[in-house]
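S.K.: Got a structure for you, final.cif, holding mmCIF, N, CA and C atoms.
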```cif
data_start
#
loop_
_atom_site.label_atom_id
_atom_site.label_comp_id
_atom_site.auth_asym_id
_atom_site.auth_seq_id
_atom_site.Cartn_x
_atom_site.Cartn_y
_atom_site.Cartn_z
N MET A 16 71.94 65.65 145.06
CA MET A 16 71.69 66.27 143.78
C MET A 16 70.20 66.19 143.47
N GLU A 17 69.69 67.18 142.74
CA GLU A 17 68.28 67.19 142.37
C GLU A 17 68.13 66.97 140.87
N HIS A 18 67.03 66.32 140.50
CA HIS A 18 66.76 65.98 139.11
C HIS A 18 65.33 66.38 138.78
N LEU A 19 65.11 66.94 137.60
CA LEU A 19 63.75 67.20 137.13
C LEU A 19 63.29 65.97 136.36
N VAL A 20 62.15 65.43 136.75
CA VAL A 20 61.60 64.23 136.13
C VAL A 20 60.19 64.55 135.62
N ALA A 21 59.93 64.22 134.37
CA ALA A 21 58.60 64.37 133.78
C ALA A 21 57.93 63.00 133.80
N VAL A 22 56.80 62.91 134.50
CA VAL A 22 56.08 61.64 134.61
C VAL A 22 54.79 61.71 133.80
N TYR A 23 54.37 60.55 133.27
CA TYR A 23 53.22 60.55 132.36
C TYR A 23 52.29 59.37 132.55
N GLY A 24 52.59 58.48 133.49
CA GLY A 24 51.78 57.27 133.66
C GLY A 24 51.42 57.01 135.10
N SER A 25 51.85 55.87 135.62
CA SER A 25 51.46 55.47 136.98
C SER A 25 52.04 56.36 138.07
N LEU A 26 52.99 57.24 137.72
CA LEU A 26 53.55 58.17 138.70
C LEU A 26 52.76 59.48 138.78
N LEU A 27 51.77 59.67 137.91
CA LEU A 27 50.95 60.87 137.96
C LEU A 27 50.19 60.96 139.28
N ASN A 28 49.91 62.17 139.72
CA ASN A 28 49.12 62.38 140.93
C ASN A 28 47.79 61.65 140.80
N GLY A 29 47.46 60.85 141.82
CA GLY A 29 46.22 60.10 141.82
C GLY A 29 46.36 58.69 141.29
N PHE A 30 47.53 58.32 140.77
CA PHE A 30 47.75 56.97 140.27
C PHE A 30 48.59 56.17 141.26
N TRP A 31 48.66 54.86 141.05
CA TRP A 31 49.18 53.91 142.04
C TRP A 31 50.64 54.04 142.41
N SER A 32 51.49 54.61 141.57
CA SER A 32 52.91 54.71 141.92
C SER A 32 53.32 56.11 142.38
N HIS A 33 52.36 57.02 142.42
CA HIS A 33 52.67 58.42 142.77
C HIS A 33 53.36 58.54 144.13
N HIS A 34 53.01 57.65 145.06
CA HIS A 34 53.59 57.72 146.41
C HIS A 34 55.12 57.63 146.39
N LEU A 35 55.70 57.04 145.33
CA LEU A 35 57.16 56.94 145.25
C LEU A 35 57.84 58.30 145.12
N LEU A 36 57.09 59.31 144.69
CA LEU A 36 57.66 60.65 144.58
C LEU A 36 57.80 61.32 145.95
N GLY A 37 57.18 60.73 146.98
CA GLY A 37 57.29 61.25 148.34
C GLY A 37 56.88 62.70 148.43
N ASN A 38 57.74 63.51 149.01
CA ASN A 38 57.48 64.94 149.17
C ASN A 38 58.18 65.77 148.10
N SER A 39 58.49 65.16 146.98
CA SER A 39 59.17 65.88 145.91
C SER A 39 58.32 67.05 145.43
N PRO A 40 58.93 68.23 145.29
CA PRO A 40 58.16 69.39 144.85
C PRO A 40 57.59 69.21 143.44
N PHE A 41 56.30 69.53 143.31
CA PHE A 41 55.62 69.54 142.02
C PHE A 41 55.90 70.88 141.36
N LEU A 42 56.44 70.86 140.14
CA LEU A 42 56.81 72.10 139.45
C LEU A 42 55.76 72.57 138.45
N GLY A 43 54.86 71.69 138.05
CA GLY A 43 53.81 72.08 137.12
C GLY A 43 53.51 70.98 136.13
N VAL A 44 52.47 71.24 135.34
CA VAL A 44 52.13 70.32 134.25
C VAL A 44 52.87 70.77 133.01
N GLY A 45 53.04 69.86 132.07
CA GLY A 45 53.79 70.24 130.88
C GLY A 45 53.45 69.38 129.69
N LYS A 46 54.14 69.68 128.60
CA LYS A 46 54.01 68.94 127.34
C LYS A 46 55.41 68.74 126.78
N THR A 47 55.59 67.59 126.16
CA THR A 47 56.83 67.32 125.46
C THR A 47 56.69 67.82 124.02
N ALA A 48 57.77 67.77 123.29
CA ALA A 48 57.71 67.98 121.85
C ALA A 48 56.95 66.80 121.24
N PRO A 49 56.39 66.94 120.03
CA PRO A 49 55.62 65.85 119.41
C PRO A 49 56.52 64.79 118.77
N ILE A 50 57.30 64.12 119.63
CA ILE A 50 58.28 63.14 119.12
C ILE A 50 58.05 61.74 119.71
N TRP A 51 56.83 61.48 120.19
CA TRP A 51 56.56 60.23 120.88
C TRP A 51 55.30 59.55 120.35
N HIS A 52 55.27 58.24 120.47
CA HIS A 52 54.04 57.46 120.42
C HIS A 52 53.88 56.88 121.81
N MET A 53 52.68 57.06 122.38
CA MET A 53 52.37 56.49 123.69
C MET A 53 51.49 55.26 123.46
N TYR A 54 51.94 54.14 124.02
CA TYR A 54 51.20 52.88 123.91
C TYR A 54 50.72 52.46 125.29
N SER A 55 49.54 51.84 125.32
CA SER A 55 49.06 51.24 126.56
C SER A 55 49.68 49.86 126.68
N LEU A 56 50.37 49.62 127.79
CA LEU A 56 50.95 48.31 128.07
C LEU A 56 50.08 47.57 129.08
N GLY A 57 48.84 47.97 129.16
CA GLY A 57 47.91 47.38 130.12
C GLY A 57 47.70 48.33 131.28
N GLY A 58 48.39 48.10 132.38
CA GLY A 58 48.24 48.92 133.57
C GLY A 58 49.09 50.18 133.58
N PHE A 59 49.87 50.39 132.55
CA PHE A 59 50.74 51.57 132.48
C PHE A 59 51.09 51.83 131.02
N PRO A 60 51.53 53.06 130.73
CA PRO A 60 51.89 53.38 129.34
C PRO A 60 53.39 53.29 129.11
N GLY A 61 53.75 53.32 127.86
CA GLY A 61 55.15 53.41 127.48
C GLY A 61 55.30 54.34 126.29
N LEU A 62 56.37 55.09 126.27
CA LEU A 62 56.66 55.99 125.16
C LEU A 62 57.71 55.39 124.25
N VAL A 63 57.51 55.56 122.95
CA VAL A 63 58.50 55.15 121.96
C VAL A 63 58.84 56.39 121.14
N PRO A 64 60.13 56.74 121.02
CA PRO A 64 60.50 57.92 120.23
C PRO A 64 60.19 57.71 118.75
N THR A 65 59.77 58.77 118.09
CA THR A 65 59.46 58.74 116.68
C THR A 65 59.68 60.12 116.09
N PHE A 66 59.74 60.22 114.77
CA PHE A 66 59.96 61.53 114.15
C PHE A 66 58.71 62.39 114.17
N GLN A 67 57.56 61.78 113.93
CA GLN A 67 56.30 62.52 113.95
C GLN A 67 55.35 61.78 114.87
N GLY A 68 55.11 62.36 116.01
CA GLY A 68 54.26 61.70 116.99
C GLY A 68 53.36 62.69 117.68
N GLU A 69 53.13 62.41 118.94
CA GLU A 69 52.23 63.23 119.74
C GLU A 69 53.01 63.94 120.85
N GLU A 70 52.48 65.10 121.25
CA GLU A 70 52.94 65.73 122.49
C GLU A 70 52.42 64.86 123.63
N ILE A 71 53.21 64.73 124.67
CA ILE A 71 52.81 63.93 125.82
C ILE A 71 52.55 64.86 127.00
N SER A 72 51.40 64.65 127.65
CA SER A 72 51.05 65.40 128.85
C SER A 72 51.81 64.83 130.04
N VAL A 73 52.50 65.69 130.76
CA VAL A 73 53.35 65.25 131.88
C VAL A 73 53.11 66.12 133.11
N GLU A 74 53.55 65.61 134.24
CA GLU A 74 53.72 66.38 135.47
C GLU A 74 55.20 66.38 135.77
N VAL A 75 55.72 67.51 136.21
CA VAL A 75 57.16 67.63 136.45
C VAL A 75 57.42 67.78 137.95
N TYR A 76 58.37 66.98 138.43
CA TYR A 76 58.75 66.98 139.84
C TYR A 76 60.26 67.14 139.95
N LYS A 77 60.67 67.78 141.05
CA LYS A 77 62.09 67.88 141.38
C LYS A 77 62.36 66.83 142.44
N VAL A 78 63.21 65.83 142.08
CA VAL A 78 63.44 64.70 142.98
C VAL A 78 64.90 64.65 143.41
N ASN A 79 65.12 64.09 144.59
CA ASN A 79 66.49 63.91 145.07
C ASN A 79 67.03 62.57 144.58
N ASP A 80 68.29 62.29 144.90
CA ASP A 80 68.94 61.06 144.42
C ASP A 80 68.23 59.79 144.88
N ASP A 81 67.73 59.79 146.13
CA ASP A 81 67.06 58.59 146.64
C ASP A 81 65.78 58.31 145.86
N VAL A 82 64.99 59.34 145.61
CA VAL A 82 63.76 59.16 144.84
C VAL A 82 64.10 58.76 143.41
N PHE A 83 65.12 59.40 142.84
CA PHE A 83 65.53 59.07 141.47
C PHE A 83 65.91 57.59 141.36
N SER A 84 66.63 57.08 142.36
CA SER A 84 66.99 55.66 142.38
C SER A 84 65.75 54.77 142.48
N SER A 85 64.76 55.20 143.28
CA SER A 85 63.50 54.45 143.40
C SER A 85 62.77 54.42 142.07
N LEU A 86 62.79 55.54 141.36
CA LEU A 86 62.13 55.60 140.05
C LEU A 86 62.84 54.69 139.05
N ASP A 87 64.17 54.68 139.09
CA ASP A 87 64.93 53.78 138.23
C ASP A 87 64.52 52.32 138.46
N ARG A 88 64.35 51.94 139.74
CA ARG A 88 63.94 50.57 140.05
C ARG A 88 62.53 50.29 139.54
N LEU A 89 61.61 51.21 139.78
CA LEU A 89 60.24 51.04 139.32
C LEU A 89 60.19 50.87 137.80
N GLU A 90 60.93 51.70 137.10
CA GLU A 90 60.88 51.72 135.64
C GLU A 90 61.77 50.66 134.99
N GLY A 91 62.49 49.91 135.80
CA GLY A 91 63.35 48.87 135.24
C GLY A 91 64.46 49.43 134.38
N TYR A 92 64.97 50.62 134.78
CA TYR A 92 66.06 51.24 134.04
C TYR A 92 67.31 50.38 134.24
N ASP A 93 67.93 50.01 133.35
CA ASP A 93 68.11 50.13 131.92
C ASP A 93 67.87 48.83 131.18
N HIS A 94 67.02 47.97 131.76
CA HIS A 94 66.71 46.73 131.05
C HIS A 94 65.28 46.71 130.50
N PHE A 95 64.40 47.59 130.99
CA PHE A 95 63.06 47.69 130.41
C PHE A 95 62.91 49.08 129.78
N TYR A 96 62.87 50.09 130.62
CA TYR A 96 62.84 51.47 130.13
C TYR A 96 64.26 52.02 130.05
N ASP A 97 64.44 52.95 129.15
CA ASP A 97 65.65 53.76 129.10
C ASP A 97 65.24 55.13 129.64
N ARG A 98 66.18 56.00 129.86
CA ARG A 98 65.83 57.38 130.25
C ARG A 98 66.85 58.34 129.66
N LYS A 99 66.38 59.53 129.38
CA LYS A 99 67.22 60.56 128.79
C LYS A 99 66.55 61.90 129.10
N GLN A 100 67.32 62.98 129.02
CA GLN A 100 66.74 64.30 129.23
C GLN A 100 66.22 64.87 127.92
N PHE A 101 65.00 65.40 127.99
CA PHE A 101 64.35 66.06 126.87
C PHE A 101 63.76 67.36 127.37
N ASP A 102 63.68 68.36 126.48
CA ASP A 102 63.04 69.62 126.86
C ASP A 102 61.54 69.42 127.05
N VAL A 103 61.03 70.00 128.13
CA VAL A 103 59.60 69.95 128.44
C VAL A 103 59.12 71.38 128.65
N HIS A 104 57.98 71.71 128.05
CA HIS A 104 57.33 73.00 128.27
C HIS A 104 56.50 72.87 129.53
N ILE A 105 56.91 73.56 130.60
CA ILE A 105 56.25 73.45 131.90
C ILE A 105 55.40 74.69 132.15
N GLN A 106 54.11 74.46 132.43
CA GLN A 106 53.19 75.55 132.77
C GLN A 106 53.08 75.58 134.29
N ASN A 107 53.47 76.70 134.89
CA ASN A 107 53.39 76.86 136.33
C ASN A 107 52.79 78.23 136.60
N ASN A 108 51.56 78.26 137.07
CA ASN A 108 50.81 79.50 137.23
C ASN A 108 50.71 80.17 135.86
N GLN A 109 51.21 81.37 135.72
CA GLN A 109 51.14 82.09 134.45
C GLN A 109 52.42 81.97 133.64
N ASP A 110 53.43 81.33 134.20
CA ASP A 110 54.73 81.23 133.54
C ASP A 110 54.83 79.95 132.71
N LEU A 111 55.55 80.05 131.61
CA LEU A 111 55.85 78.89 130.78
C LEU A 111 57.36 78.79 130.68
N ASN A 112 57.90 77.69 131.15
CA ASN A 112 59.35 77.47 131.11
C ASN A 112 59.66 76.23 130.29
N ILE A 113 60.80 76.24 129.66
CA ILE A 113 61.30 75.05 128.97
C ILE A 113 62.49 74.55 129.77
N GLU A 114 62.37 73.32 130.26
CA GLU A 114 63.42 72.74 131.10
C GLU A 114 63.77 71.34 130.61
N PRO A 115 65.05 70.96 130.68
CA PRO A 115 65.39 69.57 130.39
C PRO A 115 64.96 68.69 131.56
N CYS A 116 64.18 67.66 131.26
CA CYS A 116 63.67 66.74 132.28
C CYS A 116 63.98 65.30 131.87
N TRP A 117 64.20 64.48 132.87
CA TRP A 117 64.38 63.05 132.62
C TRP A 117 63.03 62.47 132.25
N ILE A 118 63.01 61.68 131.17
CA ILE A 118 61.81 60.97 130.72
C ILE A 118 62.20 59.51 130.51
N TYR A 119 61.37 58.63 131.07
CA TYR A 119 61.57 57.19 130.86
C TYR A 119 60.81 56.79 129.60
N PHE A 120 61.46 55.98 128.75
CA PHE A 120 60.85 55.58 127.48
C PHE A 120 61.30 54.18 127.09
N LEU A 121 60.57 53.60 126.16
CA LEU A 121 60.89 52.27 125.66
C LEU A 121 61.93 52.39 124.55
N PRO A 122 62.93 51.53 124.53
CA PRO A 122 63.98 51.63 123.51
C PRO A 122 63.41 51.51 122.10
N LYS A 123 63.87 52.37 121.22
CA LYS A 123 63.40 52.41 119.84
C LYS A 123 63.65 51.08 119.12
N LYS A 124 64.72 50.41 119.47
CA LYS A 124 65.05 49.14 118.80
C LYS A 124 63.97 48.08 119.02
N ASP A 125 63.15 48.25 120.05
CA ASP A 125 62.10 47.29 120.36
C ASP A 125 60.73 47.73 119.84
N ARG A 126 60.69 48.75 118.99
CA ARG A 126 59.43 49.35 118.53
C ARG A 126 58.42 48.32 118.02
N ALA A 127 58.86 47.35 117.24
CA ALA A 127 57.95 46.38 116.62
C ALA A 127 57.11 45.62 117.65
N GLN A 128 57.66 45.37 118.82
CA GLN A 128 56.90 44.61 119.81
C GLN A 128 55.79 45.42 120.46
N TYR A 129 55.76 46.74 120.24
CA TYR A 129 54.73 47.59 120.84
C TYR A 129 53.68 48.04 119.84
N GLU A 130 53.98 47.96 118.55
CA GLU A 130 53.10 48.54 117.54
C GLU A 130 51.73 47.88 117.46
N HIS A 131 51.55 46.69 117.99
CA HIS A 131 50.25 46.04 118.00
C HIS A 131 49.40 46.48 119.19
N LEU A 132 49.99 47.20 120.13
CA LEU A 132 49.28 47.65 121.33
C LEU A 132 48.48 48.92 121.04
N PRO A 133 47.48 49.22 121.89
CA PRO A 133 46.69 50.44 121.67
C PRO A 133 47.57 51.70 121.72
N LEU A 134 47.45 52.51 120.67
CA LEU A 134 48.14 53.79 120.59
C LEU A 134 47.27 54.85 121.25
N ILE A 135 47.86 55.62 122.15
CA ILE A 135 47.13 56.67 122.86
C ILE A 135 47.42 57.99 122.15
N LYS A 136 46.57 58.32 121.18
CA LYS A 136 46.81 59.46 120.31
C LYS A 136 46.72 60.80 121.03
N SER A 137 45.98 60.85 122.14
CA SER A 137 45.86 62.11 122.89
C SER A 137 47.15 62.46 123.61
N GLY A 138 48.03 61.46 123.84
CA GLY A 138 49.26 61.70 124.59
C GLY A 138 49.03 61.89 126.07
N SER A 139 47.82 61.54 126.55
CA SER A 139 47.47 61.73 127.96
C SER A 139 47.00 60.41 128.56
N TRP A 140 47.80 59.85 129.47
CA TRP A 140 47.42 58.62 130.17
C TRP A 140 46.20 58.86 131.05
N ARG A 141 46.11 60.04 131.67
CA ARG A 141 44.95 60.36 132.52
C ARG A 141 43.67 60.35 131.70
N GLU A 142 43.69 61.01 130.54
CA GLU A 142 42.53 61.06 129.66
C GLU A 142 42.16 59.66 129.18
N TRP A 143 43.16 58.86 128.79
CA TRP A 143 42.94 57.49 128.34
C TRP A 143 42.24 56.69 129.42
N ASN A 144 42.70 56.82 130.67
CA ASN A 144 42.10 56.08 131.79
C ASN A 144 40.69 56.57 132.08
N ASP A 145 40.46 57.87 132.02
CA ASP A 145 39.13 58.42 132.26
C ASP A 145 38.14 57.92 131.21
N ASN A 146 38.58 57.80 129.97
CA ASN A 146 37.69 57.37 128.88
C ASN A 146 37.55 55.86 128.82
N SER A 147 38.44 55.14 129.45
CA SER A 147 38.40 53.67 129.42
C SER A 147 37.49 53.10 130.51
N SER A 148 37.16 53.93 131.48
CA SER A 148 36.36 53.44 132.62
C SER A 148 34.89 53.35 132.28
#
```
Could I get this structure in the form of structure tokens?
M.R.:
Amino acid sequence: MEHLVAVYGSLLNGFWSHHLLGNSPFLGVGKTAPIWHMYSLGGFPGLVPTFQGEEISVEVYKVNDDVFSSLDRLEGYDHFYDRKQFDVHIQNNQDLNIEPCWIYFLPKKDRAQYEHLPLIKSGSWREWNDNSS
């Protein structure tokens, strides 16, 4: 089975966990709806759902079951990150598609433990890293 996964942190192209995606087809860059707060957890980001937040910059990949299982292990699903499908606006060449994609996020019930961390208002982990160097 194949799964569409939207990645926004260490799985982005050029970052340290990207190799876990293997030869998974890249479908394009995208944006989520503005329903997230992105926090820096140090070496990686985490998303917390909110009513009024930021759009998150993502890359979308089509992964098989083996890769999906590897991503679950990396993300600590379901004891650290949770995951759910959300609509993502995917830009691929000149086309714009809206597709449901799996997104890993931090459980809302734990929000208070993240609110003291740096908030990434741009919604882009790549931009945050470029500006932090």
S.K.: Enumerate, as a PyMOL selection string, the residues matched when the PyMOL selection byres ((chain A and resi 44-54) around 6.5) is run on the file above.
M.R.: chain A and resi 42-43+55-57+59-75+102-107+132-136+138
S.K.: Please identify all polymer residues within 6.5 Å of A:Glu17, counting only N, CA and C atoms, omitting same-chain residues fewer than 5 positions from it, and present them as a ChimeraX atom specification.
M.R.: /A:77-80
S.K.: Can you work out the spacing between atom N of A:Arg88 and atom N of A:Phe120 in Å, to one decimal?
M.R.: 12.1 Å
S.K.: If you apply the PyMOL selection byres (((chain A and resi 26-30 and name CA) around 10) and name CA) to this file, what residues do you get, as an NGL selection string?
M.R.: :A and (21-25 or 31-36 or 41 or 59 or 73-75 or 86 or 89 or 140-141)
S.K.: Atom CA of A:Gly58 and atom CA of A:His18, how far apart in Å?
M.R.: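 Pair atom CA of A:His18 / atom CA of A:Gly58 returns 25.8 Å.
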S.K.: Please return as a PyMOL selection string: the residues of chain A that backbone DSSP assigns to helix (DSSP H, G or I).
M.R.: chain A and resi 33-36+80-90+123-128+140-147
S.K.: Grab the atom C of A:Pro40 to atom CA of A:Trp143 distance for me, in Å with one decimal place.
M.R.: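 Going from atom C of A:Pro40 over to atom CA of A:Trp143, I get 24.1 Å.
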S.K.: When you look at A:Lys99 with a cut-off of 7 Å (counting all atoms listed in the file), what residues show up, excluding the ones that are within fewer than 5 positions of it in the same chain? I need them as number ranges by chain.
M.R.: A: 116-120
S.K.: Using DSSP assignments from the backbone, pull out every residue in chain A that falls under strand (DSSP E or B) and give it to me as a PyMOL selection string.
M.R.: chain A and resi 17-22+41-47+51-55+60-64+69+72-79+97-107+110-120+134
